[in-house]
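Remarks on the structure that follows.
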Amino acid sequence: MHPHLASLLDLQSKDVALLAADHQLDDLLREREALDQAVQRAKAEVDQCDRAWRDGVKLREELELKIESFRTIQERRRQRIEQVRGAREAQALMTEIDQARSTMAKEENDWLNSAERVNQLEAKLQEAGARATALEEEQREARATLEARRSAVDAERAAAAGAREKSATEVEKSLRMRYDRLRSNRRGSVVVSLAGVACSACYTQVPMSRRNQILMGSLIDGCEACGVLLYAGGPSE
Ligand SMILES: [Zn+2]
């Protein structure tokens, strides 16, 4: 076995542990993001219901004003009818009053519908508000659990990072620089065993002379094709 191999493989295993902690942290962040998004959706629904309710109230108030002004005009017609002398003029006013009455009946019906609609919209708004509150209540426990997991994983990650740094000091310097450079460019393992006559990362055949040196433990060398550091002693050796 190459004298620097054990420390190099140890460093790689520490990096794997560190990466696992990072992935766990990413998962936790995604879970929290999902909770946040659910709350945002619930709140957006409340806002939408609130806008619809306000629009409904506005319409109802406009109809109230309209009816109010109709009533005033109608009242004036009634007063005028008492003052007119000619029968024809009185008849014309009567017709006007009748027409206005049916228009007003229609407006009042519209107002009733709008008032009914405002009640419905208000109920919807209250339901949406209650749902949003309930959701936040429901999430309280999940968020507390997430926070606790987050603290645990943070601690794990810090321990893994510490262990990694300690292992790194054990690796021969030039090899470590080579390893670190490879790690920054690659996903997955950067120190891999020979698989028979080939690199076990890319399965490119390794020339015999170098293979023999690797097998004898006198060389830790990079794969010519993919760059990983090759050693002897994997499962297929
Ligand atoms: Zn390779």
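Please note that chains go A, B, ... in the order of the structure tokens, that every chain numbers its residues from 1, and that ligands are numbered from 1 in the order shown.
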
Could you give me, as JSON lines, a per-residue list for chain A showing, wherever an atom lies at most 7 Å from an atom of ligand 1, the closest pair of atoms and their distance in Å to one decimal, using only C-alpha atoms and all ligand atoms and sorting by chain then residue number from low to high?
{"residue": "A:Cys199", "atom": "CA", "partner": "ligand 1", "partner_atom_place_in_ligand_line": "1 (Zn)", "distance": 4.6}
{"residue": "A:Ser200", "atom": "CA", "partner": "ligand 1", "partner_atom_place_in_ligand_line": "1 (Zn)", "distance": 6.6}
{"residue": "A:Ala201", "atom": "CA", "partner": "ligand 1", "partner_atom_place_in_ligand_line": "1 (Zn)", "distance": 5.0}
{"residue": "A:Cys202", "atom": "CA", "partner": "ligand 1", "partner_atom_place_in_ligand_line": "1 (Zn)", "distance": 4.1}
{"residue": "A:Tyr203", "atom": "CA", "partner": "ligand 1", "partner_atom_place_in_ligand_line": "1 (Zn)", "distance": 6.0}
{"residue": "A:Thr204", "atom": "CA", "partner": "ligand 1", "partner_atom_place_in_ligand_line": "1 (Zn)", "distance": 5.7}
{"residue": "A:Cys223", "atom": "CA", "partner": "ligand 1", "partner_atom_place_in_ligand_line": "1 (Zn)", "distance": 4.6}
{"residue": "A:Glu224", "atom": "CA", "partner": "ligand 1", "partner_atom_place_in_ligand_line": "1 (Zn)", "distance": 6.6}
{"residue": "A:Ala225", "atom": "CA", "partner": "ligand 1", "partner_atom_place_in_ligand_line": "1 (Zn)", "distance": 5.0}
{"residue": "A:Cys226", "atom": "CA", "partner": "ligand 1", "partner_atom_place_in_ligand_line": "1 (Zn)", "distance": 4.0}
{"residue": "A:Gly227", "atom": "CA", "partner": "ligand 1", "partner_atom_place_in_ligand_line": "1 (Zn)", "distance": 5.9}
{"residue": "A:Val228", "atom": "CA", "partner": "ligand 1", "partner_atom_place_in_ligand_line": "1 (Zn)", "distance": 5.8}

Kindly assemble as a tab-separated table a list of the stretch 155-211 of chain A residues that lie within 6 Å of stretch 5-14 of chain A, each paired with its nearest atom pair and their distance in Å to one decimal, using only C-alpha atoms, sorted first by chain and then by ascending residue number.
residue	atom	partner	partner_atom	distance
A:Arg164	CA	A:Lys14	CA	5.1
A:Ser167	CA	A:Leu11	CA	5.3
A:Ala168	CA	A:Leu11	CA	5.9
A:Val171	CA	A:Ser7	CA	5.4

Dump of N, CA, C and O atoms for the selected residues, as an mmCIF file, in the first residue's frame:
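Once written, part_14.cif looks like this:
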data_model
loop_
_atom_site.group_PDB
_atom_site.id
_atom_site.type_symbol
_atom_site.label_atom_id
_atom_site.label_comp_id
_atom_site.auth_asym_id
_atom_site.auth_seq_id
_atom_site.Cartn_x
_atom_site.Cartn_y
_atom_site.Cartn_z
ATOM 1 N N ARG A 164 -12.578 17.032 9.272
ATOM 2 C CA ARG A 164 -12.007 17.148 7.923
ATOM 3 C C ARG A 164 -10.680 17.920 7.985
ATOM 4 O O ARG A 164 -9.686 17.491 7.387
ATOM 5 N N SER A 167 -8.017 15.776 9.520
ATOM 6 C CA SER A 167 -7.539 14.747 8.589
ATOM 7 C C SER A 167 -6.667 15.357 7.502
ATOM 8 O O SER A 167 -5.683 14.755 7.058
ATOM 9 N N ALA A 168 -7.038 16.553 7.064
ATOM 10 C CA ALA A 168 -6.312 17.188 5.963
ATOM 11 C C ALA A 168 -4.846 17.423 6.343
ATOM 12 O O ALA A 168 -3.945 17.317 5.499
ATOM 13 N N VAL A 171 -2.406 14.593 5.533
ATOM 14 C CA VAL A 171 -2.116 14.194 4.148
ATOM 15 C C VAL A 171 -0.883 14.942 3.637
ATOM 16 O O VAL A 171 -0.731 16.146 3.897
#

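As for atom CA of A:Leu146 and atom CA of A:His23, they are spaced 14.7 Å apart.
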
Smallest atom-to-atom distance to A:Asn212: which of A:Leu59, A:Ala232, A:Leu25, A:Ala20, using only C-alpha atoms? A:Ala232

Which residues, written as a PyMOL selection string, have at least one atom at most 6 Å from stretch 148-158 of chain A, with only C-alpha atoms counted and residues fewer than 3 positions away on the same chain left out? chain A and resi 21+145+161

Kindly indicate which residue among A:Leu229, A:Leu215, A:Leu93, A:Leu35 lies nearest to A:Glu75, using only C-alpha atoms for the distances. A:Leu93

Skipping near chain neighbours, those fewer than 2 positions away, what residues fall within 12 Å of A:Glu108 using only C-alpha atoms, listed as a PyMOL selection string? chain A and resi 60+62-68+70-71+100-106+110-115

From the list A:Gln37, A:Ala128, A:Asp180, A:Arg80, the nearest residue to A:Glu165 using only C-alpha atoms is A:Asp180

Find the residues near A:His4: any atom within 10 Å, counting only C-alpha atoms, skip ones fewer than 4 places away on the same chain, and give them as a PDB file with N, CA and C atoms, in the first residue's frame.
ATOM      1  N   LEU A   8      -5.033   9.761   2.789  1.00  0.00           N
ATOM      2  CA  LEU A   8      -5.810  10.344   1.694  1.00  0.00           C
ATOM      3  C   LEU A   8      -7.252   9.805   1.687  1.00  0.00           C
ATOM      4  N   LEU A   9      -7.362   8.486   1.876  1.00  0.00           N
ATOM      5  CA  LEU A   9      -8.705   7.893   1.917  1.00  0.00           C
ATOM      6  C   LEU A   9      -9.469   8.358   3.154  1.00  0.00           C
ATOM      7  N   GLU A 170      -3.025  15.594   7.977  1.00  0.00           N
ATOM      8  CA  GLU A 170      -2.281  14.325   7.945  1.00  0.00           C
ATOM      9  C   GLU A 170      -1.835  13.940   6.536  1.00  0.00           C
ATOM     10  N   VAL A 171      -2.406  14.593   5.533  1.00  0.00           N
ATOM     11  CA  VAL A 171      -2.116  14.194   4.148  1.00  0.00           C
ATOM     12  C   VAL A 171      -0.883  14.942   3.637  1.00  0.00           C
ATOM     13  N   GLU A 172      -0.059  14.237   2.956  1.00  0.00           N
ATOM     14  CA  GLU A 172       1.157  14.838   2.385  1.00  0.00           C
ATOM     15  C   GLU A 172       0.751  16.040   1.521  1.00  0.00           C
ATOM     16  N   LEU A 175       0.079  16.127  -2.357  1.00  0.00           N
ATOM     17  CA  LEU A 175      -1.050  15.232  -2.645  1.00  0.00           C
ATOM     18  C   LEU A 175      -2.371  15.895  -2.222  1.00  0.00           C
ATOM     19  N   ARG A 176      -2.288  16.569  -1.096  1.00  0.00           N
ATOM     20  CA  ARG A 176      -3.489  17.229  -0.581  1.00  0.00           C
ATOM     21  C   ARG A 176      -3.925  18.353  -1.527  1.00  0.00           C
ATOM     22  N   GLY A 217       1.908  -0.200  -5.103  1.00  0.00           N
ATOM     23  CA  GLY A 217       1.805   0.778  -4.029  1.00  0.00           C
ATOM     24  C   GLY A 217       2.902   1.820  -4.077  1.00  0.00           C
ATOM     25  N   SER A 218       3.601   1.908  -5.202  1.00  0.00           N
ATOM     26  CA  SER A 218       4.664   2.905  -5.269  1.00  0.00           C
ATOM     27  C   SER A 218       4.182   4.197  -5.927  1.00  0.00           C
ATOM     28  N   LEU A 219       2.903   4.215  -6.360  1.00  0.00           N
ATOM     29  CA  LEU A 219       2.410   5.401  -7.067  1.00  0.00           C
ATOM     30  C   LEU A 219       0.918   5.624  -6.788  1.00  0.00           C
ATOM     31  N   ILE A 220       0.592   6.871  -6.479  1.00  0.00           N
ATOM     32  CA  ILE A 220      -0.824   7.272  -6.516  1.00  0.00           C
ATOM     33  C   ILE A 220      -0.892   8.234  -7.691  1.00  0.00           C
TER      34      ILE A 220
END

Near stretch 134-136 of chain A, counting only C-alpha atoms, which residues have an atom at most 7 Å away, once you skip same-chain residues fewer than 4 positions from it, shown as a short mmCIF file (atom, residue, chain, number, x, y, z; two decimals) with C-alpha atoms, in the first residue's frame?
data_model
loop_
_atom_site.label_atom_id
_atom_site.label_comp_id
_atom_site.auth_asym_id
_atom_site.auth_seq_id
_atom_site.Cartn_x
_atom_site.Cartn_y
_atom_site.Cartn_z
CA VAL A 39 -48.26 30.38 4.47
CA ALA A 130 -59.24 31.41 9.84
CA ARG A 140 -45.74 25.73 14.74
#

Mind checking which residues fall within 8 Å of A:Lys43, counting only C-alpha atoms, ignoring those fewer than 3 positions away in the same chain, and posting them as number ranges by chain? A: 39-40, 46-47, 129, 132

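Our summary of the geometry notes that atom CA of A:Val191 is positioned 7.3 Å from atom CA of A:Tyr231.
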
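Nearest-residue note for A:Leu182: choosing from A:Lys166, A:Arg210, A:Ile97, A:Gly222, the minimum distance belongs to A:Gly222, counting only C-alpha atoms.
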
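Of the residues under consideration (A:Arg51, A:Gln79, A:Arg143, A:Glu45), A:Arg143 shows the shortest atom-to-atom contact distance to A:Glu33 when counting only C-alpha atoms.
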
So, with only C-alpha atoms as the atoms that count, which of A:Ala92, A:Val16, A:Ala52, A:Val118 lies closest to A:Arg183? A:Val16
